[in-house]
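Beneath this line is the structure, given in structure tokens, with notes to follow.
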2 protein chains.
Amino acid sequence: MRILLCNDDGIHAPGIAALYDAVRDMAEVHIVAPEAERSAVGHAITIYNPLKSKKIYKDGAFYGYAVDGTPADCVKLAVSALLPGPPDFIISGVNLGPNAGISVIYSGTVSAATEGIILGIPSMAVSMNTFKDPIWDTAKKVTREMLKRLTEDGLPQDTLLNVNVPNIPFEDLKGTRVTRMGKSRYIETFERRTDPRGNAYYWMDGELALLEDPADTDLKALEDGYVSLSPLGFDLTRHTALPHFEKWRDAVVGEPSQ
Amino acid sequence: MRILLCNDDGIHAPGIAALYDAVRDMAEVHIVAPEAERSAVGHAITIYNPLKSKKIYKDGAFYGYAVDGTPADCVKLAVSALLPGPPDFIISGVNLGPNAGISVIYSGTVSAATEGIILGIPSMAVSMNTFKDPIWDTAKKVTREMLKRLTEDGLPQDTLLNVNVPNIPFEDLKGTRVTRMGKSRYIETFERRTDPRGNAYYWMDGELALLEDPADTDLKALEDGYVSLSPLGFDLTRHTALPHFEKWRDAVVGEPSQ
């Protein structure tokens with residue numbers, strides 16, 4: 001079994017080292033990750049510049065490839081060029097900070113897993129529900145358990161598994177919930193400042209606001225102390241909205257077109 | 001009626017000038033766009049640096065704000081800080097190149113409209129199905145028509161309209177189709193080169209491969225000469241995959257959790 005590890009916090013982040021520790025005895029493990037932090041890059045890719053890769057060593061041994069691109073770039077480059085062959089699984093993370101609710105669409109961690117399923121490779125993103133003092137041991141144990149399930153049950157087509165882990169000792173986890181992306185948004189504020197030359201610049205700050213709170217959402221599972229498992233895809237079509245536009249088919253030519 | 005225009009090709013791109021021409025007599029129009037091209041940035045946002053904005057003048061008159069950020073940044077900053085009040089509509093584009101099929105998830109043009117609906121503002125993305133010699137007149141006429149429909153019918157909640165326009169004269173358009181994101185992927189190749197110091201770098205190239213070809217997809221509509229209207233959202237949950245994970249609920253604690 002060959003596994004590719006990626007993240008958006010950069011190859012030197014402790015989260016990807018935690019992943020490596022968690023699965024190194026279960027598979028042939030390869031690390032290809034951004035050379036520096038690339039949080040909130042969404043599903044960005046690099047199309048007008050070449051990608052550079054650099055071998056990274058740790059304690060004198062080869063650790064992985066650092067790439068000067070986005071998480072999605074790393075997955076593409078790893079699968080097409082750097083690995084000896086396509087991986088059986090891709091695991092992205094462990095991210096410092098939850099990727100739940102609306103944060104999912106800004107997430108570089110999730111985008112690496114999304115790129116994986118676009119390439120047809122079963123993929124999982126793992127994030128910790130904290131920005132400080134992460135209990136990596138909990139994330140490691142959850143990752144190992146999820147990888148076992150993945151190898152036994154696989155994933156539905158075009159589906160990645162988005163795992164969010166409460167930042168509490170493993171023994172204190174309440175259990176596991178299968179969830180959907182909770183509806184939420186950031187309430188942004190921009191603080192306007194002026195530089196010494198008189199030009200305006202703005203610091204963005206934001207607070208996540210929950211727009212709903214039912215038990216089947218990722219955000220609520222975390223709040224309640226459960227590991228959250230969300231199946232995610234990449235079809236952005238809003239199928240329920242299709243009928244609304246039916247009568248628009250007479251636009252442009254003046255009569256409904258086939 | 002107040003309208004915000006944005007794009008990912010940058011404030012100096014001819015596509016946003018085409019938008020401006022198309023709707024300037026229909027509304028109070030504001031332009032806030034990236035200062036330089038930001039294609040394929042996906043739904044990236046800038047969280048660790050401040051955003052700078054600069055007033056841009058054209059023929060001696062104020063034209064709009066250039067922002068050193070992503071399309072999603074531009075929309076956030078415009079709505080929260082730069083405009084005199086929230087816009088009634090956001091239009092992103094006109095993009096040079098289609099945003100159909102899998103390209104949608106990499107698209108900065110679409111991400112500006114996505115940010116719009118996250119903020120609760122009806123939003124539309126417009127793209128031309130060509131990378132050269134665009135017939136802007138066609139895009140302008142289609143945009144005007146779609147804006148009229150938007151003001152009459154509105155949009156379903158949490159839904160943006162992704163418009164793709166064939167690059168043919170307006171009179172030759174076959175009509176309008178209501179479509180979904182066609183299934184497709186890029187088949188990437190990475191050409192490996194070595195810099196003068198011996199370091200490897202890779203140029204990515206890719207070709208879009210259609211994985212299906214039914215008439216109700218955006219890609220097929222364009223191929224057939226129709227304007228493609230796709231309702232898109234931001235809920236990435238793969239609801240059909242939820243049952244697959246039901247039995248995973250006994251993970252972590254060993255017995256199914258509520």
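We name chains A, B, ... following the order of the structure tokens; residues begin at 1 in each chain, and ligands are numbered from 1 as shown.
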Post-fit chain B coords, all in-order Cα pairs vs chain A, as a PDB file with C-alpha atoms, in the first residue's frame:
ATOM      1  CA  MET B   1       0.003   0.004   0.013  1.00  0.00           C
ATOM      2  CA  ARG B   2       1.378   3.390  -1.056  1.00  0.00           C
ATOM      3  CA  ILE B   3       0.202   6.570   0.657  1.00  0.00           C
ATOM      4  CA  LEU B   4       0.817  10.195  -0.228  1.00  0.00           C
ATOM      5  CA  LEU B   5       0.764  12.766   2.568  1.00  0.00           C
ATOM      6  CA  CYS B   6       0.138  16.427   1.863  1.00  0.00           C
ATOM      7  CA  ASN B   7      -1.030  19.492   3.799  1.00  0.00           C
ATOM      8  CA  ASP B   8      -1.385  23.261   3.576  1.00  0.00           C
ATOM      9  CA  ASP B   9       0.625  24.222   6.658  1.00  0.00           C
ATOM     10  CA  GLY B  10       3.880  23.329   4.874  1.00  0.00           C
ATOM     11  CA  ILE B  11       6.246  20.362   4.948  1.00  0.00           C
ATOM     12  CA  HIS B  12       7.858  21.491   8.203  1.00  0.00           C
ATOM     13  CA  ALA B  13       4.562  21.655  10.110  1.00  0.00           C
ATOM     14  CA  PRO B  14       4.098  19.322  13.075  1.00  0.00           C
ATOM     15  CA  GLY B  15       0.720  18.207  11.724  1.00  0.00           C
ATOM     16  CA  ILE B  16       2.171  16.345   8.753  1.00  0.00           C
ATOM     17  CA  ALA B  17       4.814  14.819  11.018  1.00  0.00           C
ATOM     18  CA  ALA B  18       1.946  13.532  13.154  1.00  0.00           C
ATOM     19  CA  LEU B  19       0.359  11.975  10.043  1.00  0.00           C
ATOM     20  CA  TYR B  20       3.668  10.391   9.140  1.00  0.00           C
ATOM     21  CA  ASP B  21       4.054   8.910  12.626  1.00  0.00           C
ATOM     22  CA  ALA B  22       0.480   7.669  12.517  1.00  0.00           C
ATOM     23  CA  VAL B  23       0.680   5.681   9.287  1.00  0.00           C
ATOM     24  CA  ARG B  24       4.361   4.932   8.602  1.00  0.00           C
ATOM     25  CA  ASP B  25       4.068   1.319   9.779  1.00  0.00           C
ATOM     26  CA  MET B  26       0.903   0.739   7.734  1.00  0.00           C
ATOM     27  CA  ALA B  27       2.171   1.649   4.258  1.00  0.00           C
ATOM     28  CA  GLU B  28       4.918   2.930   1.989  1.00  0.00           C
ATOM     29  CA  VAL B  29       4.589   6.615   2.856  1.00  0.00           C
ATOM     30  CA  HIS B  30       5.545   9.598   0.661  1.00  0.00           C
ATOM     31  CA  ILE B  31       5.438  13.251   1.670  1.00  0.00           C
ATOM     32  CA  VAL B  32       4.945  16.005  -0.915  1.00  0.00           C
ATOM     33  CA  ALA B  33       3.890  19.288   0.640  1.00  0.00           C
ATOM     34  CA  PRO B  34       4.184  23.046   0.167  1.00  0.00           C
ATOM     35  CA  GLU B  35       7.554  24.483   1.218  1.00  0.00           C
ATOM     36  CA  ALA B  36       5.746  27.161   3.258  1.00  0.00           C
ATOM     37  CA  GLU B  37       2.328  27.680   4.756  1.00  0.00           C
ATOM     38  CA  ARG B  38      -0.419  27.901   2.150  1.00  0.00           C
ATOM     39  CA  SER B  39      -3.542  28.195   4.270  1.00  0.00           C
ATOM     40  CA  ALA B  40      -6.801  29.536   2.847  1.00  0.00           C
ATOM     41  CA  VAL B  41      -5.623  29.056  -0.722  1.00  0.00           C
ATOM     42  CA  GLY B  42      -8.799  27.233  -1.673  1.00  0.00           C
ATOM     43  CA  HIS B  43      -8.428  25.121  -4.773  1.00  0.00           C
ATOM     44  CA  ALA B  44      -5.727  27.276  -6.311  1.00  0.00           C
ATOM     45  CA  ILE B  45      -3.289  25.840  -8.829  1.00  0.00           C
ATOM     46  CA  THR B  46      -0.152  27.278 -10.406  1.00  0.00           C
ATOM     47  CA  ILE B  47      -0.484  27.621 -14.157  1.00  0.00           C
ATOM     48  CA  TYR B  48       1.832  30.438 -15.250  1.00  0.00           C
ATOM     49  CA  ASN B  49       4.984  29.470 -13.383  1.00  0.00           C
ATOM     50  CA  PRO B  50       6.931  26.251 -13.178  1.00  0.00           C
ATOM     51  CA  LEU B  51       6.902  24.302  -9.918  1.00  0.00           C
ATOM     52  CA  LYS B  52      10.156  23.703  -8.110  1.00  0.00           C
ATOM     53  CA  SER B  53      10.624  20.733  -5.827  1.00  0.00           C
ATOM     54  CA  LYS B  54      13.308  20.265  -3.202  1.00  0.00           C
ATOM     55  CA  LYS B  55      14.267  17.171  -1.245  1.00  0.00           C
ATOM     56  CA  ILE B  56      13.911  17.651   2.487  1.00  0.00           C
ATOM     57  CA  TYR B  57      15.949  15.638   4.970  1.00  0.00           C
ATOM     58  CA  LYS B  58      15.170  15.057   8.625  1.00  0.00           C
ATOM     59  CA  ASP B  59      17.707  13.591  11.033  1.00  0.00           C
ATOM     60  CA  GLY B  60      19.879  12.763   8.021  1.00  0.00           C
ATOM     61  CA  ALA B  61      17.195  10.714   6.219  1.00  0.00           C
ATOM     62  CA  PHE B  62      15.060  11.684   3.230  1.00  0.00           C
ATOM     63  CA  TYR B  63      11.727  12.981   4.525  1.00  0.00           C
ATOM     64  CA  GLY B  64       9.841  14.281   1.484  1.00  0.00           C
ATOM     65  CA  TYR B  65       9.549  16.854  -1.286  1.00  0.00           C
ATOM     66  CA  ALA B  66       8.881  20.534  -0.633  1.00  0.00           C
ATOM     67  CA  VAL B  67       7.103  22.205  -3.563  1.00  0.00           C
ATOM     68  CA  ASP B  68       6.782  25.964  -4.101  1.00  0.00           C
ATOM     69  CA  GLY B  69       3.113  25.645  -4.958  1.00  0.00           C
ATOM     70  CA  THR B  70      -0.319  25.060  -3.519  1.00  0.00           C
ATOM     71  CA  PRO B  71      -1.627  21.858  -1.924  1.00  0.00           C
ATOM     72  CA  ALA B  72      -3.446  20.979  -5.171  1.00  0.00           C
ATOM     73  CA  ASP B  73      -0.185  21.537  -7.092  1.00  0.00           C
ATOM     74  CA  CYS B  74       1.613  19.179  -4.704  1.00  0.00           C
ATOM     75  CA  VAL B  75      -0.881  16.399  -5.315  1.00  0.00           C
ATOM     76  CA  LYS B  76      -0.789  16.812  -9.092  1.00  0.00           C
ATOM     77  CA  LEU B  77       3.006  16.908  -9.183  1.00  0.00           C
ATOM     78  CA  ALA B  78       3.385  13.990  -6.751  1.00  0.00           C
ATOM     79  CA  VAL B  79       1.049  11.723  -8.674  1.00  0.00           C
ATOM     80  CA  SER B  80       2.304  12.657 -12.143  1.00  0.00           C
ATOM     81  CA  ALA B  81       6.019  13.041 -11.551  1.00  0.00           C
ATOM     82  CA  LEU B  82       7.523  12.553  -8.090  1.00  0.00           C
ATOM     83  CA  LEU B  83       6.168   9.244  -6.794  1.00  0.00           C
ATOM     84  CA  PRO B  84       7.261   5.853  -8.151  1.00  0.00           C
ATOM     85  CA  GLY B  85       3.612   5.183  -9.026  1.00  0.00           C
ATOM     86  CA  PRO B  86       0.125   6.382  -8.165  1.00  0.00           C
ATOM     87  CA  PRO B  87      -0.704   6.219  -4.453  1.00  0.00           C
ATOM     88  CA  ASP B  88      -3.527   4.035  -3.135  1.00  0.00           C
ATOM     89  CA  PHE B  89      -4.578   6.754  -0.717  1.00  0.00           C
ATOM     90  CA  ILE B  90      -3.937  10.422  -0.114  1.00  0.00           C
ATOM     91  CA  ILE B  91      -4.118  11.900   3.369  1.00  0.00           C
ATOM     92  CA  SER B  92      -3.977  15.664   3.840  1.00  0.00           C
ATOM     93  CA  GLY B  93      -3.264  17.290   7.185  1.00  0.00           C
ATOM     94  CA  VAL B  94      -3.230  17.195  10.089  1.00  0.00           C
ATOM     95  CA  ASN B  95      -4.431  20.775   9.854  1.00  0.00           C
ATOM     96  CA  LEU B  96      -4.120  23.107  12.776  1.00  0.00           C
ATOM     97  CA  GLY B  97      -7.651  24.494  12.905  1.00  0.00           C
ATOM     98  CA  PRO B  98     -10.974  22.926  11.923  1.00  0.00           C
ATOM     99  CA  ASN B  99     -12.085  22.612   8.305  1.00  0.00           C
ATOM    100  CA  ALA B 100     -15.787  22.570   8.974  1.00  0.00           C
ATOM    101  CA  GLY B 101     -18.733  24.650   7.822  1.00  0.00           C
ATOM    102  CA  ILE B 102     -17.962  27.352   5.303  1.00  0.00           C
ATOM    103  CA  SER B 103     -14.209  27.083   6.055  1.00  0.00           C
ATOM    104  CA  VAL B 104     -14.164  24.007   3.835  1.00  0.00           C
ATOM    105  CA  ILE B 105     -14.320  26.066   0.651  1.00  0.00           C
ATOM    106  CA  TYR B 106     -11.298  28.165   1.655  1.00  0.00           C
ATOM    107  CA  SER B 107      -9.314  25.180   2.843  1.00  0.00           C
ATOM    108  CA  GLY B 108      -6.026  24.171   1.290  1.00  0.00           C
ATOM    109  CA  THR B 109      -6.062  20.973   3.350  1.00  0.00           C
ATOM    110  CA  VAL B 110      -9.362  19.867   1.841  1.00  0.00           C
ATOM    111  CA  SER B 111      -8.294  20.994  -1.652  1.00  0.00           C
ATOM    112  CA  ALA B 112      -5.412  18.485  -1.626  1.00  0.00           C
ATOM    113  CA  ALA B 113      -7.907  15.701  -0.951  1.00  0.00           C
ATOM    114  CA  THR B 114     -10.265  17.139  -3.577  1.00  0.00           C
ATOM    115  CA  GLU B 115      -7.467  17.034  -6.133  1.00  0.00           C
ATOM    116  CA  GLY B 116      -6.908  13.431  -5.086  1.00  0.00           C
ATOM    117  CA  ILE B 117     -10.452  12.333  -5.884  1.00  0.00           C
ATOM    118  CA  ILE B 118     -10.422  14.289  -9.149  1.00  0.00           C
ATOM    119  CA  LEU B 119      -7.449  12.084 -10.042  1.00  0.00           C
ATOM    120  CA  GLY B 120      -9.453   9.025  -8.962  1.00  0.00           C
ATOM    121  CA  ILE B 121      -7.495   8.337  -5.750  1.00  0.00           C
ATOM    122  CA  PRO B 122      -9.374   7.751  -2.459  1.00  0.00           C
ATOM    123  CA  SER B 123      -8.512  10.724  -0.272  1.00  0.00           C
ATOM    124  CA  MET B 124      -9.018  11.986   3.251  1.00  0.00           C
ATOM    125  CA  ALA B 125      -8.434  15.346   4.967  1.00  0.00           C
ATOM    126  CA  VAL B 126      -7.786  15.483   8.703  1.00  0.00           C
ATOM    127  CA  SER B 127      -8.051  18.622  10.823  1.00  0.00           C
ATOM    128  CA  MET B 128      -7.830  19.410  14.531  1.00  0.00           C
ATOM    129  CA  ASN B 129     -10.438  21.633  16.114  1.00  0.00           C
ATOM    130  CA  THR B 130      -7.920  24.011  17.649  1.00  0.00           C
ATOM    131  CA  PHE B 131      -5.382  26.635  16.639  1.00  0.00           C
ATOM    132  CA  LYS B 132      -3.122  26.069  19.638  1.00  0.00           C
ATOM    133  CA  ASP B 133      -1.885  23.277  21.883  1.00  0.00           C
ATOM    134  CA  PRO B 134      -3.054  20.460  19.605  1.00  0.00           C
ATOM    135  CA  ILE B 135      -3.243  16.993  21.094  1.00  0.00           C
ATOM    136  CA  TRP B 136      -1.614  15.257  18.122  1.00  0.00           C
ATOM    137  CA  ASP B 137      -1.996  11.870  19.770  1.00  0.00           C
ATOM    138  CA  THR B 138      -5.762  12.067  19.324  1.00  0.00           C
ATOM    139  CA  ALA B 139      -5.430  12.979  15.638  1.00  0.00           C
ATOM    140  CA  LYS B 140      -2.958  10.133  15.104  1.00  0.00           C
ATOM    141  CA  LYS B 141      -5.220   7.506  16.637  1.00  0.00           C
ATOM    142  CA  VAL B 142      -8.240   8.741  14.699  1.00  0.00           C
ATOM    143  CA  THR B 143      -6.232   8.804  11.459  1.00  0.00           C
ATOM    144  CA  ARG B 144      -5.079   5.198  11.952  1.00  0.00           C
ATOM    145  CA  GLU B 145      -8.609   4.071  12.616  1.00  0.00           C
ATOM    146  CA  MET B 146      -9.968   5.906   9.571  1.00  0.00           C
ATOM    147  CA  LEU B 147      -7.244   4.525   7.319  1.00  0.00           C
ATOM    148  CA  LYS B 148      -8.176   1.000   8.424  1.00  0.00           C
ATOM    149  CA  ARG B 149     -11.820   1.694   7.511  1.00  0.00           C
ATOM    150  CA  LEU B 150     -10.744   3.170   4.183  1.00  0.00           C
ATOM    151  CA  THR B 151      -8.756   0.085   3.275  1.00  0.00           C
ATOM    152  CA  GLU B 152     -11.664  -2.164   4.276  1.00  0.00           C
ATOM    153  CA  ASP B 153     -14.654  -0.228   2.929  1.00  0.00           C
ATOM    154  CA  GLY B 154     -13.184   2.170   0.371  1.00  0.00           C
ATOM    155  CA  LEU B 155     -14.943   5.383  -0.561  1.00  0.00           C
ATOM    156  CA  PRO B 156     -17.891   6.044  -2.866  1.00  0.00           C
ATOM    157  CA  GLN B 157     -16.865   7.424  -6.275  1.00  0.00           C
ATOM    158  CA  ASP B 158     -15.877  11.107  -6.433  1.00  0.00           C
ATOM    159  CA  THR B 159     -16.044  11.324  -2.648  1.00  0.00           C
ATOM    160  CA  LEU B 160     -13.410  12.379  -0.149  1.00  0.00           C
ATOM    161  CA  LEU B 161     -13.650  11.968   3.588  1.00  0.00           C
ATOM    162  CA  ASN B 162     -13.301  15.182   5.575  1.00  0.00           C
ATOM    163  CA  VAL B 163     -12.342  14.307   9.138  1.00  0.00           C
ATOM    164  CA  ASN B 164     -12.423  16.853  11.955  1.00  0.00           C
ATOM    165  CA  VAL B 165     -11.109  15.875  15.369  1.00  0.00           C
ATOM    166  CA  PRO B 166     -11.978  17.503  18.719  1.00  0.00           C
ATOM    167  CA  ASN B 167      -8.893  18.652  20.608  1.00  0.00           C
ATOM    168  CA  ILE B 168      -9.380  16.395  23.600  1.00  0.00           C
ATOM    169  CA  PRO B 169      -7.664  13.201  24.751  1.00  0.00           C
ATOM    170  CA  PHE B 170      -8.623  10.184  22.613  1.00  0.00           C
ATOM    171  CA  GLU B 171     -10.263   8.484  25.589  1.00  0.00           C
ATOM    172  CA  ASP B 172     -12.585  11.456  26.065  1.00  0.00           C
ATOM    173  CA  LEU B 173     -13.977  11.413  22.506  1.00  0.00           C
ATOM    174  CA  LYS B 174     -17.736  10.881  22.615  1.00  0.00           C
ATOM    175  CA  GLY B 175     -17.732   8.905  19.360  1.00  0.00           C
ATOM    176  CA  THR B 176     -18.085   9.472  15.649  1.00  0.00           C
ATOM    177  CA  ARG B 177     -20.763  11.291  13.685  1.00  0.00           C
ATOM    178  CA  VAL B 178     -21.419  11.216   9.955  1.00  0.00           C
ATOM    179  CA  THR B 179     -22.071  14.829   9.090  1.00  0.00           C
ATOM    180  CA  ARG B 180     -22.636  17.419   6.394  1.00  0.00           C
ATOM    181  CA  MET B 181     -21.014  20.849   5.914  1.00  0.00           C
ATOM    182  CA  GLY B 182     -22.778  23.057   8.443  1.00  0.00           C
ATOM    183  CA  LYS B 183     -24.162  26.318   7.195  1.00  0.00           C
ATOM    184  CA  SER B 184     -22.084  29.159   8.531  1.00  0.00           C
ATOM    185  CA  ARG B 185     -20.313  32.264   7.350  1.00  0.00           C
ATOM    186  CA  TYR B 186     -17.588  34.603   8.410  1.00  0.00           C
ATOM    187  CA  ILE B 187     -18.648  38.006   9.611  1.00  0.00           C
ATOM    188  CA  GLU B 188     -15.760  40.059   8.359  1.00  0.00           C
ATOM    189  CA  THR B 189     -14.477  43.365   9.527  1.00  0.00           C
ATOM    190  CA  PHE B 190     -11.805  45.344   7.722  1.00  0.00           C
ATOM    191  CA  GLU B 191      -9.717  47.727   9.751  1.00  0.00           C
ATOM    192  CA  ARG B 192      -8.536  50.579   7.570  1.00  0.00           C
ATOM    193  CA  ARG B 193      -5.038  51.959   8.139  1.00  0.00           C
ATOM    194  CA  THR B 194      -2.824  54.341   6.228  1.00  0.00           C
ATOM    195  CA  ASP B 195       0.816  53.628   5.375  1.00  0.00           C
ATOM    196  CA  PRO B 196       3.555  56.293   5.784  1.00  0.00           C
ATOM    197  CA  ARG B 197       2.985  57.372   2.171  1.00  0.00           C
ATOM    198  CA  GLY B 198      -0.719  57.903   2.694  1.00  0.00           C
ATOM    199  CA  ASN B 199      -1.958  54.771   0.945  1.00  0.00           C
ATOM    200  CA  ALA B 200      -4.833  52.850   2.503  1.00  0.00           C
ATOM    201  CA  TYR B 201      -4.532  49.228   3.516  1.00  0.00           C
ATOM    202  CA  TYR B 202      -6.945  46.930   5.273  1.00  0.00           C
ATOM    203  CA  TRP B 203      -6.535  44.180   7.821  1.00  0.00           C
ATOM    204  CA  MET B 204      -9.260  41.600   7.579  1.00  0.00           C
ATOM    205  CA  ASP B 205     -10.612  39.992  10.683  1.00  0.00           C
ATOM    206  CA  GLY B 206     -13.501  37.619  10.851  1.00  0.00           C
ATOM    207  CA  GLU B 207     -15.587  35.590  13.193  1.00  0.00           C
ATOM    208  CA  LEU B 208     -17.346  32.394  12.220  1.00  0.00           C
ATOM    209  CA  ALA B 209     -21.095  32.683  12.649  1.00  0.00           C
ATOM    210  CA  LEU B 210     -23.241  29.562  12.749  1.00  0.00           C
ATOM    211  CA  LEU B 211     -26.392  29.959  10.677  1.00  0.00           C
ATOM    212  CA  GLU B 212     -27.869  26.671  11.891  1.00  0.00           C
ATOM    213  CA  ASP B 213     -27.103  24.229  14.641  1.00  0.00           C
ATOM    214  CA  PRO B 214     -28.475  20.731  14.027  1.00  0.00           C
ATOM    215  CA  ALA B 215     -26.680  17.614  15.255  1.00  0.00           C
ATOM    216  CA  ASP B 216     -25.885  16.361  11.753  1.00  0.00           C
ATOM    217  CA  THR B 217     -23.425  19.141  10.926  1.00  0.00           C
ATOM    218  CA  ASP B 218     -19.642  19.012  11.195  1.00  0.00           C
ATOM    219  CA  LEU B 219     -19.495  22.088  13.415  1.00  0.00           C
ATOM    220  CA  LYS B 220     -21.995  20.714  15.920  1.00  0.00           C
ATOM    221  CA  ALA B 221     -20.293  17.320  16.066  1.00  0.00           C
ATOM    222  CA  LEU B 222     -17.038  19.026  17.073  1.00  0.00           C
ATOM    223  CA  GLU B 223     -18.797  21.169  19.631  1.00  0.00           C
ATOM    224  CA  ASP B 224     -20.335  18.033  21.141  1.00  0.00           C
ATOM    225  CA  GLY B 225     -16.983  16.227  21.340  1.00  0.00           C
ATOM    226  CA  TYR B 226     -17.480  13.839  18.407  1.00  0.00           C
ATOM    227  CA  VAL B 227     -15.151  13.063  15.522  1.00  0.00           C
ATOM    228  CA  SER B 228     -16.865  14.482  12.433  1.00  0.00           C
ATOM    229  CA  LEU B 229     -16.827  12.505   9.180  1.00  0.00           C
ATOM    230  CA  SER B 230     -18.167  14.425   6.176  1.00  0.00           C
ATOM    231  CA  PRO B 231     -18.285  12.971   2.674  1.00  0.00           C
ATOM    232  CA  LEU B 232     -17.413  15.798   0.275  1.00  0.00           C
ATOM    233  CA  GLY B 233     -17.324  16.070  -3.506  1.00  0.00           C
ATOM    234  CA  PHE B 234     -16.589  18.632  -6.189  1.00  0.00           C
ATOM    235  CA  ASP B 235     -19.905  18.967  -8.010  1.00  0.00           C
ATOM    236  CA  LEU B 236     -20.941  22.543  -7.246  1.00  0.00           C
ATOM    237  CA  THR B 237     -24.160  22.285  -9.265  1.00  0.00           C
ATOM    238  CA  ARG B 238     -27.143  23.274  -7.180  1.00  0.00           C
ATOM    239  CA  HIS B 239     -29.492  20.660  -8.568  1.00  0.00           C
ATOM    240  CA  THR B 240     -32.490  21.848  -6.539  1.00  0.00           C
ATOM    241  CA  ALA B 241     -32.199  25.246  -8.219  1.00  0.00           C
ATOM    242  CA  LEU B 242     -32.391  23.939 -11.799  1.00  0.00           C
ATOM    243  CA  PRO B 243     -36.215  24.308 -12.117  1.00  0.00           C
ATOM    244  CA  HIS B 244     -36.003  28.014 -11.198  1.00  0.00           C
ATOM    245  CA  PHE B 245     -34.225  28.692 -14.482  1.00  0.00           C
ATOM    246  CA  GLU B 246     -36.444  26.638 -16.771  1.00  0.00           C
ATOM    247  CA  LYS B 247     -38.295  29.688 -18.038  1.00  0.00           C
ATOM    248  CA  TRP B 248     -34.980  31.410 -18.768  1.00  0.00           C
ATOM    249  CA  ARG B 249     -34.538  29.076 -21.704  1.00  0.00           C
ATOM    250  CA  ASP B 250     -36.245  31.591 -23.966  1.00  0.00           C
ATOM    251  CA  ALA B 251     -33.474  34.104 -23.316  1.00  0.00           C
ATOM    252  CA  VAL B 252     -31.196  35.104 -26.208  1.00  0.00           C
ATOM    253  CA  VAL B 253     -33.334  33.704 -29.024  1.00  0.00           C
ATOM    254  CA  GLY B 254     -36.769  34.696 -27.702  1.00  0.00           C
ATOM    255  CA  GLU B 255     -38.293  31.246 -27.659  1.00  0.00           C
ATOM    256  CA  PRO B 256     -37.493  28.269 -25.419  1.00  0.00           C
ATOM    257  CA  SER B 257     -34.578  26.365 -26.860  1.00  0.00           C
ATOM    258  CA  GLN B 258     -34.446  22.618 -26.634  1.00  0.00           C
TER     259      GLN B 258
END
Report task. Using DSSP on the backbone, list every residue of stretch 16-205 of chain B that comes out as strand (DSSP E), and give them as number ranges by chain. Result -> B: 28-34, 51-58, 61-67, 89-96, 123-128, 160-165, 175-178, 184-194, 200-205
Writer output for current selection, C-alpha atoms, as a tab-separated table (two decimals), in the first residue's frame:
chain	number	residue	atom	x	y	z
B	28	GLU	CA	-24.86	52.43	-10.33
B	29	VAL	CA	-21.77	50.40	-11.20
B	30	HIS	CA	-18.67	49.85	-9.02
B	31	ILE	CA	-15.50	48.04	-10.04
B	32	VAL	CA	-13.29	46.32	-7.46
B	33	ALA	CA	-10.89	43.84	-9.02
B	34	PRO	CA	-7.43	42.34	-8.56
B	51	LEU	CA	-5.00	44.18	1.51
B	52	LYS	CA	-4.01	47.33	-0.31
B	53	SER	CA	-6.43	49.13	-2.59
B	54	LYS	CA	-5.59	51.71	-5.22
B	55	LYS	CA	-7.88	54.01	-7.18
B	56	ILE	CA	-7.64	53.46	-10.91
B	57	TYR	CA	-8.48	56.19	-13.40
B	58	LYS	CA	-9.37	55.77	-17.05
B	61	ALA	CA	-12.25	59.60	-14.64
B	62	PHE	CA	-12.38	57.27	-11.64
B	63	TYR	CA	-12.80	53.71	-12.92
B	64	GLY	CA	-12.53	51.45	-9.88
B	65	TYR	CA	-10.38	49.99	-7.11
B	66	ALA	CA	-7.45	47.67	-7.77
B	67	VAL	CA	-6.79	45.32	-4.84
B	89	PHE	CA	-25.93	42.25	-7.59
B	90	ILE	CA	-22.39	41.10	-8.20
B	91	ILE	CA	-21.19	40.23	-11.69
B	92	SER	CA	-17.80	38.59	-12.17
B	93	GLY	CA	-16.05	38.44	-15.52
B	94	VAL	CA	-16.13	38.51	-18.43
B	95	ASN	CA	-13.53	35.77	-18.19
B	96	LEU	CA	-11.34	34.94	-21.12
B	123	SER	CA	-24.27	36.91	-8.02
B	124	MET	CA	-23.41	35.87	-11.55
B	125	ALA	CA	-20.18	34.80	-13.27
B	126	VAL	CA	-19.77	35.30	-17.01
B	127	SER	CA	-17.13	33.58	-19.14
B	128	MET	CA	-16.35	33.39	-22.85
B	160	LEU	CA	-25.11	31.81	-8.13
B	161	LEU	CA	-25.60	31.78	-11.86
B	162	ASN	CA	-22.61	30.58	-13.86
B	163	VAL	CA	-22.95	31.82	-17.42
B	164	ASN	CA	-20.75	30.55	-20.25
B	165	VAL	CA	-21.01	32.16	-23.66
B	175	GLY	CA	-30.30	29.57	-27.60
B	176	THR	CA	-29.94	29.00	-23.89
B	177	ARG	CA	-29.59	25.79	-21.92
B	178	VAL	CA	-29.94	25.26	-18.19
B	184	SER	CA	-14.40	16.25	-16.81
B	185	ARG	CA	-10.83	16.36	-15.64
B	186	TYR	CA	-7.49	17.67	-16.72
B	187	ILE	CA	-4.99	15.13	-17.93
B	188	GLU	CA	-1.81	16.72	-16.70
B	189	THR	CA	1.70	16.30	-17.88
B	190	PHE	CA	4.71	17.73	-16.09
B	191	GLU	CA	7.79	18.45	-18.14
B	192	ARG	CA	10.87	18.16	-15.97
B	193	ARG	CA	13.73	20.60	-16.56
B	194	THR	CA	16.88	21.45	-14.67
B	200	ALA	CA	14.64	20.38	-10.93
B	201	TYR	CA	11.58	22.35	-11.93
B	202	TYR	CA	8.41	21.29	-13.67
B	203	TRP	CA	6.16	22.93	-16.21
B	204	MET	CA	2.60	21.74	-15.95
B	205	ASP	CA	0.54	21.29	-19.04
